[in-house]
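Taking it in order: structure first as structure tokens, then the write-up.
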Amino acid sequence: MSTNVNGNARSIPLHAATQAPRVSLVIPTLNEAENLGCLLPTIGDIVDELVIVDGRSTDGTIETALALRPDALIVKERRAGKGYALQAGFHACSGDIIVMMDADGSMAPAEIDTFVSALLAGADVVKGSRFLQGGGSGDLTGVRMLGNAVLTRTVRWTFGGRFSDLCYGYMAFWRDVLPFFDEEVGGFEIETFLNVRSLAAGLRVVEVASYEEHRINGESNLSAIKDGYRVLSTIVRERRRVRRYRASLGLHRPDLHSGAPMPHPVIALRDHRTHSVVTTTTFPAASGAAVAGVAVAAVVSEGDTCPGHGQ
């Protein structure tokens, strides 16, 4: 039986046949029609709900998505920014588990099974890491790798935890942790925001190995310097929030490396989480694979129609 951070059994609507929680996949898009043509056909049956959040694309992204996946839920986000798009997608989901991934084809849908298995094994949040055994990247430049390393160590020093990869957007979490992510975040710093909030709120966070390919087509909108500054600003802002909250309780500064969760303003929302119980016995989808931290590498098959990606 899966439990939430309060130790209560999660309320998980079960499929009659599979007894598995429903999985929603959120993909933010901005002019990604060519990439979706390669990505969407590779999404497996583990995904019950596909949510495409489009940021005013002009290349037929929505039309391509619906042609390939008529069942996809299309959310149109008027504000520019990956963070706004993802958060709009989160709130549009109806699944018990929410997975987020990029539309550029750099993240392998086959790895969703690993993320879901880690959640079923007891994690609240699962994040991909390119630096665990079995992971890697064909896209990281030296500058981005250095910046990621510095920011990752900054979070470890500031909030504790043992993250190996901070700035990577392949993540999954139970829907019932959404109240902890209650602040709007606009840009690429959304991954850092989710990670830091998870640590500060004392959620059970697990990293799993993930391999990042080159994007299939087009150029990334990521700016190493500008977005690095926004990530750092997010870390500082969240740290100040924790300090203010602790000061309001008259608490001393904790030992950041003790492993104890740090109180956070959103921690009060734990009292408002669902307490209903659904009796379950086993999750067949997790059998043999539900080991937190299992490493999975992307598999590339011969005869691919999309450069660098298996079908």
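Every chain in the structure tokens has a letter given in the order shown (A, B, ...), and although residue numbers restart at 1 in each chain, ligands are simply numbered from 1 in the order shown.
Residues with any atom within 7 Å of region 46-57 of chain A, counting only C-alpha atoms and excluding same-chain neighbours fewer than 6 positions away, are A:Arg22, A:Val23, A:Ser24, A:Leu25, A:Val26, A:Ile27, A:Pro28, A:Thr29, A:Leu30, A:Asn31, A:Ala72, A:Leu73, A:Ile74, A:Val75, A:Lys76, A:Glu77, A:Arg78, A:Ala80, A:Ala85, A:Gly89.
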For the residues selected in the previous step, produce a file with all heavy atoms as a short mmCIF file (atom, residue, chain, number, x, y, z; two decimals), in the first residue's frame.
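The new file again14.cif reads:
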data_model
loop_
_atom_site.label_atom_id
_atom_site.label_comp_id
_atom_site.auth_asym_id
_atom_site.auth_seq_id
_atom_site.Cartn_x
_atom_site.Cartn_y
_atom_site.Cartn_z
N ARG A 22 -3.42 5.95 -12.22
CA ARG A 22 -3.43 6.59 -13.54
C ARG A 22 -2.26 7.55 -13.66
O ARG A 22 -1.94 8.30 -12.73
CB ARG A 22 -4.74 7.34 -13.77
CG ARG A 22 -5.97 6.45 -13.80
CD ARG A 22 -7.23 7.22 -14.19
NE ARG A 22 -7.22 7.59 -15.61
CZ ARG A 22 -7.05 8.83 -16.05
NH1 ARG A 22 -6.85 9.83 -15.21
NH2 ARG A 22 -7.09 9.08 -17.34
N VAL A 23 -1.62 7.53 -14.83
CA VAL A 23 -0.43 8.35 -15.07
C VAL A 23 -0.76 9.42 -16.10
O VAL A 23 -1.25 9.12 -17.20
CB VAL A 23 0.74 7.48 -15.58
CG1 VAL A 23 1.95 8.37 -15.92
CG2 VAL A 23 1.13 6.44 -14.54
N SER A 24 -0.49 10.68 -15.75
CA SER A 24 -0.65 11.81 -16.67
C SER A 24 0.73 12.30 -17.08
O SER A 24 1.62 12.46 -16.24
CB SER A 24 -1.42 12.96 -16.01
OG SER A 24 -2.74 12.58 -15.71
N LEU A 25 0.92 12.54 -18.36
CA LEU A 25 2.19 13.06 -18.89
C LEU A 25 1.97 14.47 -19.40
O LEU A 25 1.10 14.70 -20.24
CB LEU A 25 2.69 12.16 -20.03
CG LEU A 25 3.95 12.65 -20.77
CD1 LEU A 25 5.14 12.75 -19.84
CD2 LEU A 25 4.26 11.71 -21.95
N VAL A 26 2.76 15.42 -18.89
CA VAL A 26 2.65 16.82 -19.29
C VAL A 26 3.86 17.20 -20.15
O VAL A 26 5.01 17.02 -19.74
CB VAL A 26 2.60 17.74 -18.06
CG1 VAL A 26 2.50 19.21 -18.49
CG2 VAL A 26 1.41 17.38 -17.17
N ILE A 27 3.58 17.71 -21.34
CA ILE A 27 4.64 18.13 -22.26
C ILE A 27 4.39 19.58 -22.68
O ILE A 27 3.40 19.87 -23.36
CB ILE A 27 4.68 17.25 -23.52
CG1 ILE A 27 4.88 15.77 -23.13
CG2 ILE A 27 5.79 17.70 -24.46
CD1 ILE A 27 4.90 14.83 -24.32
N PRO A 28 5.27 20.53 -22.29
CA PRO A 28 5.13 21.91 -22.75
C PRO A 28 5.71 22.06 -24.15
O PRO A 28 6.74 21.45 -24.46
CB PRO A 28 5.95 22.70 -21.72
CG PRO A 28 7.01 21.74 -21.27
CD PRO A 28 6.38 20.36 -21.34
N THR A 29 5.06 22.84 -24.99
CA THR A 29 5.53 22.99 -26.37
C THR A 29 5.55 24.44 -26.82
O THR A 29 4.73 25.25 -26.39
CB THR A 29 4.63 22.20 -27.35
OG1 THR A 29 3.29 22.73 -27.29
CG2 THR A 29 4.61 20.73 -27.03
N LEU A 30 6.49 24.74 -27.68
CA LEU A 30 6.54 26.02 -28.39
C LEU A 30 7.24 25.76 -29.71
O LEU A 30 8.46 25.60 -29.77
CB LEU A 30 7.30 27.09 -27.58
CG LEU A 30 7.45 28.45 -28.28
CD1 LEU A 30 6.08 29.05 -28.60
CD2 LEU A 30 8.27 29.41 -27.43
N ASN A 31 6.44 25.65 -30.77
CA ASN A 31 6.96 25.37 -32.12
C ASN A 31 7.78 24.07 -32.14
O ASN A 31 8.95 24.06 -32.52
CB ASN A 31 7.79 26.55 -32.63
CG ASN A 31 6.95 27.79 -32.83
OD1 ASN A 31 5.78 27.72 -33.21
ND2 ASN A 31 7.54 28.95 -32.57
N ALA A 72 -5.26 13.44 -26.92
CA ALA A 72 -4.48 14.39 -26.11
C ALA A 72 -5.34 15.56 -25.64
O ALA A 72 -6.20 16.06 -26.39
CB ALA A 72 -3.28 14.90 -26.90
N LEU A 73 -5.09 15.99 -24.42
CA LEU A 73 -5.72 17.19 -23.88
C LEU A 73 -4.83 18.38 -24.21
O LEU A 73 -3.66 18.41 -23.81
CB LEU A 73 -5.92 17.06 -22.37
CG LEU A 73 -6.42 18.31 -21.63
CD1 LEU A 73 -7.79 18.72 -22.12
CD2 LEU A 73 -6.42 18.07 -20.12
N ILE A 74 -5.35 19.35 -24.94
CA ILE A 74 -4.57 20.52 -25.34
C ILE A 74 -4.90 21.68 -24.40
O ILE A 74 -6.07 22.07 -24.25
CB ILE A 74 -4.86 20.94 -26.79
CG1 ILE A 74 -4.63 19.75 -27.74
CG2 ILE A 74 -4.01 22.14 -27.18
CD1 ILE A 74 -3.21 19.27 -27.79
N VAL A 75 -3.87 22.23 -23.78
CA VAL A 75 -4.01 23.41 -22.92
C VAL A 75 -3.24 24.55 -23.57
O VAL A 75 -2.06 24.40 -23.88
CB VAL A 75 -3.47 23.15 -21.50
CG1 VAL A 75 -3.57 24.40 -20.63
CG2 VAL A 75 -4.21 21.98 -20.85
N LYS A 76 -3.90 25.67 -23.78
CA LYS A 76 -3.24 26.83 -24.39
C LYS A 76 -2.86 27.81 -23.28
O LYS A 76 -3.71 28.33 -22.58
CB LYS A 76 -4.16 27.49 -25.41
CG LYS A 76 -4.49 26.60 -26.60
CD LYS A 76 -5.37 27.32 -27.61
CE LYS A 76 -5.69 26.41 -28.79
NZ LYS A 76 -6.56 27.08 -29.80
N GLU A 77 -1.54 28.05 -23.15
CA GLU A 77 -1.02 28.97 -22.13
C GLU A 77 -0.58 30.26 -22.81
O GLU A 77 0.29 30.25 -23.68
CB GLU A 77 0.16 28.32 -21.40
CG GLU A 77 0.84 29.23 -20.40
CD GLU A 77 -0.10 29.79 -19.36
OE1 GLU A 77 -0.82 29.00 -18.70
OE2 GLU A 77 -0.15 31.03 -19.22
N ARG A 78 -1.19 31.36 -22.43
CA ARG A 78 -0.92 32.64 -23.09
C ARG A 78 0.39 33.27 -22.59
O ARG A 78 1.03 34.03 -23.31
CB ARG A 78 -2.08 33.60 -22.85
CG ARG A 78 -3.40 33.08 -23.39
CD ARG A 78 -4.53 34.05 -23.16
NE ARG A 78 -4.35 35.28 -23.91
CZ ARG A 78 -5.19 36.31 -23.88
NH1 ARG A 78 -6.27 36.25 -23.13
NH2 ARG A 78 -4.96 37.39 -24.59
N ALA A 80 4.30 33.51 -21.64
CA ALA A 80 5.52 32.89 -22.14
C ALA A 80 6.33 32.34 -20.97
O ALA A 80 6.46 32.98 -19.93
CB ALA A 80 6.34 33.91 -22.92
N ALA A 85 3.82 27.11 -18.34
CA ALA A 85 3.22 26.04 -19.13
C ALA A 85 3.08 24.75 -18.31
O ALA A 85 2.03 24.11 -18.30
CB ALA A 85 4.06 25.77 -20.38
N GLY A 89 -0.29 22.77 -16.98
CA GLY A 89 -0.50 21.36 -17.29
C GLY A 89 -0.76 20.53 -16.04
O GLY A 89 -1.62 19.65 -16.04
#
Could you name the residues that touch Lys82 (chain A) at 8 Å or less, counting only C-alpha atoms, but leaving out those on the same chain fewer than 4 positions away, as a PDB file with N, CA and C atoms, in the first residue's frame?
ATOM      1  N   PRO A  28       5.266  20.529 -22.291  1.00  0.00           N
ATOM      2  CA  PRO A  28       5.125  21.912 -22.747  1.00  0.00           C
ATOM      3  C   PRO A  28       5.711  22.060 -24.149  1.00  0.00           C
ATOM      4  N   LEU A  86       4.151  24.382 -17.606  1.00  0.00           N
ATOM      5  CA  LEU A  86       4.107  23.159 -16.824  1.00  0.00           C
ATOM      6  C   LEU A  86       3.065  23.231 -15.711  1.00  0.00           C
ATOM      7  N   GLY A 186       7.876  31.201 -13.637  1.00  0.00           N
ATOM      8  CA  GLY A 186       7.692  31.390 -15.065  1.00  0.00           C
ATOM      9  C   GLY A 186       8.591  30.635 -16.012  1.00  0.00           C
ATOM     10  N   GLY A 187       9.895  30.545 -15.704  1.00  0.00           N
ATOM     11  CA  GLY A 187      10.836  30.078 -16.707  1.00  0.00           C
ATOM     12  C   GLY A 187      11.451  28.712 -16.454  1.00  0.00           C
ATOM     13  N   PHE A 188      12.702  28.543 -16.952  1.00  0.00           N
ATOM     14  CA  PHE A 188      13.406  27.277 -16.822  1.00  0.00           C
ATOM     15  C   PHE A 188      13.769  26.955 -15.375  1.00  0.00           C
ATOM     16  N   ILE A 190      11.874  26.426 -13.133  1.00  0.00           N
ATOM     17  CA  ILE A 190      10.806  25.609 -12.572  1.00  0.00           C
ATOM     18  C   ILE A 190      11.346  24.300 -11.992  1.00  0.00           C
TER      19      ILE A 190
END
Atomic distance CA of Gly135 (chain A) - CA of Ser210 (chain A), expressed in Å with one decimal: 4.4 Å
Shell around Lys127 (chain A) at 8 Å using only C-alpha atoms, local window under 6 positions removed, as a PyMOL selection string: chain A and resi 115+168-172+205-208
Deliver the residues from the most recent selection as a file, using N, CA, C and O atoms, as an mmCIF file, in the first residue's frame.
data_model
loop_
_atom_site.group_PDB
_atom_site.id
_atom_site.type_symbol
_atom_site.label_atom_id
_atom_site.label_comp_id
_atom_site.auth_asym_id
_atom_site.auth_seq_id
_atom_site.Cartn_x
_atom_site.Cartn_y
_atom_site.Cartn_z
ATOM 1 N N PHE A 115 10.434 5.901 -13.450
ATOM 2 C CA PHE A 115 9.949 6.967 -12.568
ATOM 3 C C PHE A 115 8.722 6.496 -11.788
ATOM 4 O O PHE A 115 8.621 6.697 -10.573
ATOM 5 N N TYR A 168 17.573 19.524 -14.471
ATOM 6 C CA TYR A 168 17.123 18.556 -15.465
ATOM 7 C C TYR A 168 15.621 18.399 -15.295
ATOM 8 O O TYR A 168 15.129 18.179 -14.189
ATOM 9 N N GLY A 169 14.889 18.507 -16.404
ATOM 10 C CA GLY A 169 13.440 18.632 -16.321
ATOM 11 C C GLY A 169 12.627 17.374 -16.465
ATOM 12 O O GLY A 169 11.434 17.449 -16.738
ATOM 13 N N TYR A 170 13.244 16.203 -16.314
ATOM 14 C CA TYR A 170 12.501 14.951 -16.372
ATOM 15 C C TYR A 170 12.155 14.571 -14.932
ATOM 16 O O TYR A 170 13.019 14.164 -14.153
ATOM 17 N N MET A 171 10.891 14.713 -14.550
ATOM 18 C CA MET A 171 10.480 14.489 -13.171
ATOM 19 C C MET A 171 9.098 13.841 -13.123
ATOM 20 O O MET A 171 8.341 13.893 -14.098
ATOM 21 N N ALA A 172 8.773 13.262 -11.975
ATOM 22 C CA ALA A 172 7.445 12.691 -11.740
ATOM 23 C C ALA A 172 7.119 12.821 -10.261
ATOM 24 O O ALA A 172 8.015 12.811 -9.413
ATOM 25 N N VAL A 205 12.291 12.309 -1.784
ATOM 26 C CA VAL A 205 12.754 12.551 -3.152
ATOM 27 C C VAL A 205 13.768 11.481 -3.539
ATOM 28 O O VAL A 205 14.704 11.194 -2.792
ATOM 29 N N VAL A 206 13.571 10.884 -4.712
ATOM 30 C CA VAL A 206 14.468 9.837 -5.224
ATOM 31 C C VAL A 206 14.968 10.261 -6.603
ATOM 32 O O VAL A 206 14.204 10.781 -7.413
ATOM 33 N N GLU A 207 16.265 10.051 -6.864
ATOM 34 C CA GLU A 207 16.816 10.261 -8.190
ATOM 35 C C GLU A 207 16.932 8.920 -8.917
ATOM 36 O O GLU A 207 17.279 7.904 -8.303
ATOM 37 N N VAL A 208 16.641 8.922 -10.215
ATOM 38 C CA VAL A 208 16.864 7.742 -11.051
ATOM 39 C C VAL A 208 17.704 8.162 -12.249
ATOM 40 O O VAL A 208 17.622 9.297 -12.720
#
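Minimum distance to Tyr229 (chain A) across A:Glu189, A:Asp124, A:Asp45, A:Asp59 (counting only C-alpha atoms) occurs at A:Glu189.
For Thr192 (chain A), the set of protein, DNA and RNA residues having any atom at most 9 Å away, when counting only C-alpha atoms and skipping those fewer than 3 positions along the same chain, is Val155, Leu166, Cys167, Tyr168, Gly169, Phe188, Glu189, Asn195, Val196, Arg197, Val231, Leu232, Thr234 and Ile235 of chain A.
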Region 92-233 of chain A: residues DSSP assigns to alpha helix (DSSP H), reported as number ranges by chain: A: 92, 112-120, 142-159, 190-200, 224-233
Among the residues A:Leu68, A:Ile98, A:Ala108, A:Ala201, the one that comes closest to Val126 (chain A) [using only C-alpha atoms]: A:Ile98
DSSP strand (DSSP E or B) selection over region 31-240 of chain A, as number ranges by chain: A: 49-54, 73-76, 97-100, 107, 125-129, 136-137, 171-174, 205-209, 211-212
Would you save the residues of that selection, restricted to N, CA, C and O atoms, as a CSV table (one decimal), in the first residue's frame?
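Wrote part01.csv, looks like this:
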chain,number,residue,atom,x,y,z
A,49,GLU,N,-3.0,9.6,-19.7
A,49,GLU,CA,-3.5,10.9,-20.1
A,49,GLU,C,-2.3,11.7,-20.6
A,49,GLU,O,-1.3,11.9,-19.9
A,50,LEU,N,-2.4,12.2,-21.8
A,50,LEU,CA,-1.4,13.1,-22.4
A,50,LEU,C,-1.9,14.5,-22.4
A,50,LEU,O,-2.9,14.8,-23.0
A,51,VAL,N,-1.1,15.4,-21.8
A,51,VAL,CA,-1.5,16.8,-21.7
A,51,VAL,C,-0.4,17.6,-22.4
A,51,VAL,O,0.7,17.6,-22.0
A,52,ILE,N,-0.8,18.3,-23.5
A,52,ILE,CA,0.1,19.1,-24.3
A,52,ILE,C,-0.2,20.6,-23.9
A,52,ILE,O,-1.4,21.0,-24.1
A,53,VAL,N,0.7,21.3,-23.4
A,53,VAL,CA,0.5,22.7,-23.1
A,53,VAL,C,1.3,23.5,-24.1
A,53,VAL,O,2.5,23.5,-24.1
A,54,ASP,N,0.5,24.3,-24.9
A,54,ASP,CA,1.2,25.0,-26.0
A,54,ASP,C,1.3,26.5,-25.7
A,54,ASP,O,0.3,27.1,-25.3
A,73,LEU,N,-5.1,16.0,-24.4
A,73,LEU,CA,-5.7,17.2,-23.9
A,73,LEU,C,-4.8,18.4,-24.2
A,73,LEU,O,-3.7,18.4,-23.8
A,74,ILE,N,-5.3,19.4,-24.9
A,74,ILE,CA,-4.6,20.5,-25.3
A,74,ILE,C,-4.9,21.7,-24.4
A,74,ILE,O,-6.1,22.1,-24.2
A,75,VAL,N,-3.9,22.2,-23.8
A,75,VAL,CA,-4.0,23.4,-22.9
A,75,VAL,C,-3.2,24.5,-23.6
A,75,VAL,O,-2.1,24.4,-23.9
A,76,LYS,N,-3.9,25.7,-23.8
A,76,LYS,CA,-3.2,26.8,-24.4
A,76,LYS,C,-2.9,27.8,-23.3
A,76,LYS,O,-3.7,28.3,-22.6
A,97,ILE,N,-0.6,10.1,-10.8
A,97,ILE,CA,0.8,10.4,-10.9
A,97,ILE,C,1.0,11.4,-12.1
A,97,ILE,O,0.4,11.2,-13.2
A,98,ILE,N,1.9,12.4,-11.9
A,98,ILE,CA,2.1,13.4,-13.0
A,98,ILE,C,3.6,13.3,-13.4
A,98,ILE,O,4.5,13.3,-12.5
A,99,VAL,N,3.8,13.1,-14.6
A,99,VAL,CA,5.2,13.1,-15.2
A,99,VAL,C,5.4,14.3,-16.1
A,99,VAL,O,4.5,14.6,-16.9
A,100,MET,N,6.5,14.9,-16.0
A,100,MET,CA,6.8,16.1,-16.9
A,100,MET,C,8.1,15.7,-17.7
A,100,MET,O,9.0,15.2,-17.2
A,107,MET,N,14.4,13.3,-24.1
A,107,MET,CA,14.1,12.5,-23.0
A,107,MET,C,13.3,11.2,-23.5
A,107,MET,O,12.4,11.4,-24.2
A,125,VAL,N,8.4,12.2,-4.8
A,125,VAL,CA,8.9,12.9,-6.0
A,125,VAL,C,10.1,12.1,-6.5
A,125,VAL,O,11.0,11.7,-5.8
A,126,VAL,N,10.1,11.9,-7.9
A,126,VAL,CA,11.2,11.3,-8.5
A,126,VAL,C,11.8,12.2,-9.6
A,126,VAL,O,11.1,12.7,-10.4
A,127,LYS,N,13.1,12.4,-9.6
A,127,LYS,CA,13.8,13.2,-10.6
A,127,LYS,C,14.8,12.5,-11.3
A,127,LYS,O,15.5,11.6,-10.8
A,128,GLY,N,15.0,12.8,-12.6
A,128,GLY,CA,16.0,12.1,-13.4
A,128,GLY,C,17.4,12.8,-13.1
A,128,GLY,O,17.5,13.9,-12.8
A,129,SER,N,18.4,12.0,-13.3
A,129,SER,CA,19.8,12.5,-13.1
A,129,SER,C,20.6,11.9,-14.2
A,129,SER,O,20.6,10.7,-14.5
A,136,GLY,N,23.4,9.8,-18.4
A,136,GLY,CA,24.4,10.5,-19.3
A,136,GLY,C,23.7,11.6,-20.1
A,136,GLY,O,22.5,11.8,-20.0
A,137,SER,N,24.5,12.2,-21.0
A,137,SER,CA,23.9,13.3,-21.8
A,137,SER,C,24.8,13.4,-23.1
A,137,SER,O,26.0,13.4,-23.0
A,171,MET,N,10.9,14.7,-14.6
A,171,MET,CA,10.5,14.5,-13.2
A,171,MET,C,9.1,13.8,-13.1
A,171,MET,O,8.3,13.9,-14.1
A,172,ALA,N,8.8,13.3,-12.0
A,172,ALA,CA,7.4,12.7,-11.7
A,172,ALA,C,7.1,12.8,-10.3
A,172,ALA,O,8.0,12.8,-9.4
A,173,PHE,N,5.8,12.9,-10.0
A,173,PHE,CA,5.4,13.1,-8.6
A,173,PHE,C,4.0,12.7,-8.4
A,173,PHE,O,3.2,12.7,-9.4
A,174,TRP,N,3.6,12.3,-7.2
A,174,TRP,CA,2.2,12.1,-6.9
A,174,TRP,C,1.4,13.4,-7.0
A,174,TRP,O,1.8,14.4,-6.6
A,205,VAL,N,12.3,12.3,-1.8
A,205,VAL,CA,12.8,12.6,-3.2
A,205,VAL,C,13.8,11.5,-3.5
A,205,VAL,O,14.7,11.2,-2.8
A,206,VAL,N,13.6,10.9,-4.7
A,206,VAL,CA,14.5,9.8,-5.2
A,206,VAL,C,15.0,10.3,-6.6
A,206,VAL,O,14.2,10.8,-7.4
A,207,GLU,N,16.3,10.1,-6.9
A,207,GLU,CA,16.8,10.3,-8.2
A,207,GLU,C,16.9,8.9,-8.9
A,207,GLU,O,17.3,7.9,-8.3
A,208,VAL,N,16.6,8.9,-10.2
A,208,VAL,CA,16.9,7.7,-11.1
A,208,VAL,C,17.7,8.2,-12.2
A,208,VAL,O,17.6,9.3,-12.7
A,209,ALA,N,18.5,7.2,-12.7
A,209,ALA,CA,19.4,7.6,-13.9
A,209,ALA,C,18.6,7.8,-15.1
A,209,ALA,O,17.6,7.1,-15.4
A,211,TYR,N,19.1,9.2,-19.4
A,211,TYR,CA,20.0,9.6,-20.5
A,211,TYR,C,19.3,10.7,-21.3
A,211,TYR,O,18.2,10.5,-21.8
A,212,GLU,N,20.1,11.8,-21.5
A,212,GLU,CA,19.6,12.9,-22.3
A,212,GLU,C,20.2,12.9,-23.7
A,212,GLU,O,21.4,13.1,-23.8
Spatial neighbours of Gly44 (chain A), max dist 10 Å, only C-alpha atoms, sep filter under 5 positions, as a VMD selection string: chain A and resid 109 to 110 112 to 113
Residues as selected, all heavy atoms, written as a PDB file, in the first residue's frame, can you do that?
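Writing done, so here's part.pdb:
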ATOM      1  N   PRO A 109      10.760   8.345 -23.520  1.00  0.00           N
ATOM      2  CA  PRO A 109       9.518   7.938 -22.859  1.00  0.00           C
ATOM      3  C   PRO A 109       9.613   6.567 -22.199  1.00  0.00           C
ATOM      4  O   PRO A 109       8.883   6.290 -21.248  1.00  0.00           O
ATOM      5  CB  PRO A 109       8.505   7.928 -24.012  1.00  0.00           C
ATOM      6  CG  PRO A 109       9.036   8.915 -24.990  1.00  0.00           C
ATOM      7  CD  PRO A 109      10.531   8.737 -24.925  1.00  0.00           C
ATOM      8  N   ALA A 110      10.516   5.697 -22.672  1.00  0.00           N
ATOM      9  CA  ALA A 110      10.658   4.372 -22.074  1.00  0.00           C
ATOM     10  C   ALA A 110      11.054   4.460 -20.610  1.00  0.00           C
ATOM     11  O   ALA A 110      10.810   3.523 -19.836  1.00  0.00           O
ATOM     12  CB  ALA A 110      11.693   3.554 -22.849  1.00  0.00           C
ATOM     13  N   ILE A 112       9.792   6.364 -18.392  1.00  0.00           N
ATOM     14  CA  ILE A 112       8.652   6.686 -17.526  1.00  0.00           C
ATOM     15  C   ILE A 112       8.363   5.531 -16.580  1.00  0.00           C
ATOM     16  O   ILE A 112       8.006   5.742 -15.413  1.00  0.00           O
ATOM     17  CB  ILE A 112       7.408   7.029 -18.372  1.00  0.00           C
ATOM     18  CG1 ILE A 112       7.638   8.334 -19.150  1.00  0.00           C
ATOM     19  CG2 ILE A 112       6.166   7.155 -17.484  1.00  0.00           C
ATOM     20  CD1 ILE A 112       6.503   8.707 -20.082  1.00  0.00           C
ATOM     21  N   ASP A 113       8.541   4.301 -17.051  1.00  0.00           N
ATOM     22  CA  ASP A 113       8.315   3.128 -16.201  1.00  0.00           C
ATOM     23  C   ASP A 113       9.177   3.178 -14.944  1.00  0.00           C
ATOM     24  O   ASP A 113       8.723   2.818 -13.854  1.00  0.00           O
ATOM     25  CB  ASP A 113       8.628   1.845 -16.979  1.00  0.00           C
ATOM     26  CG  ASP A 113       7.646   1.590 -18.094  1.00  0.00           C
ATOM     27  OD1 ASP A 113       7.832   2.169 -19.183  1.00  0.00           O
ATOM     28  OD2 ASP A 113       6.694   0.842 -17.880  1.00  0.00           O
TER      29      ASP A 113
END
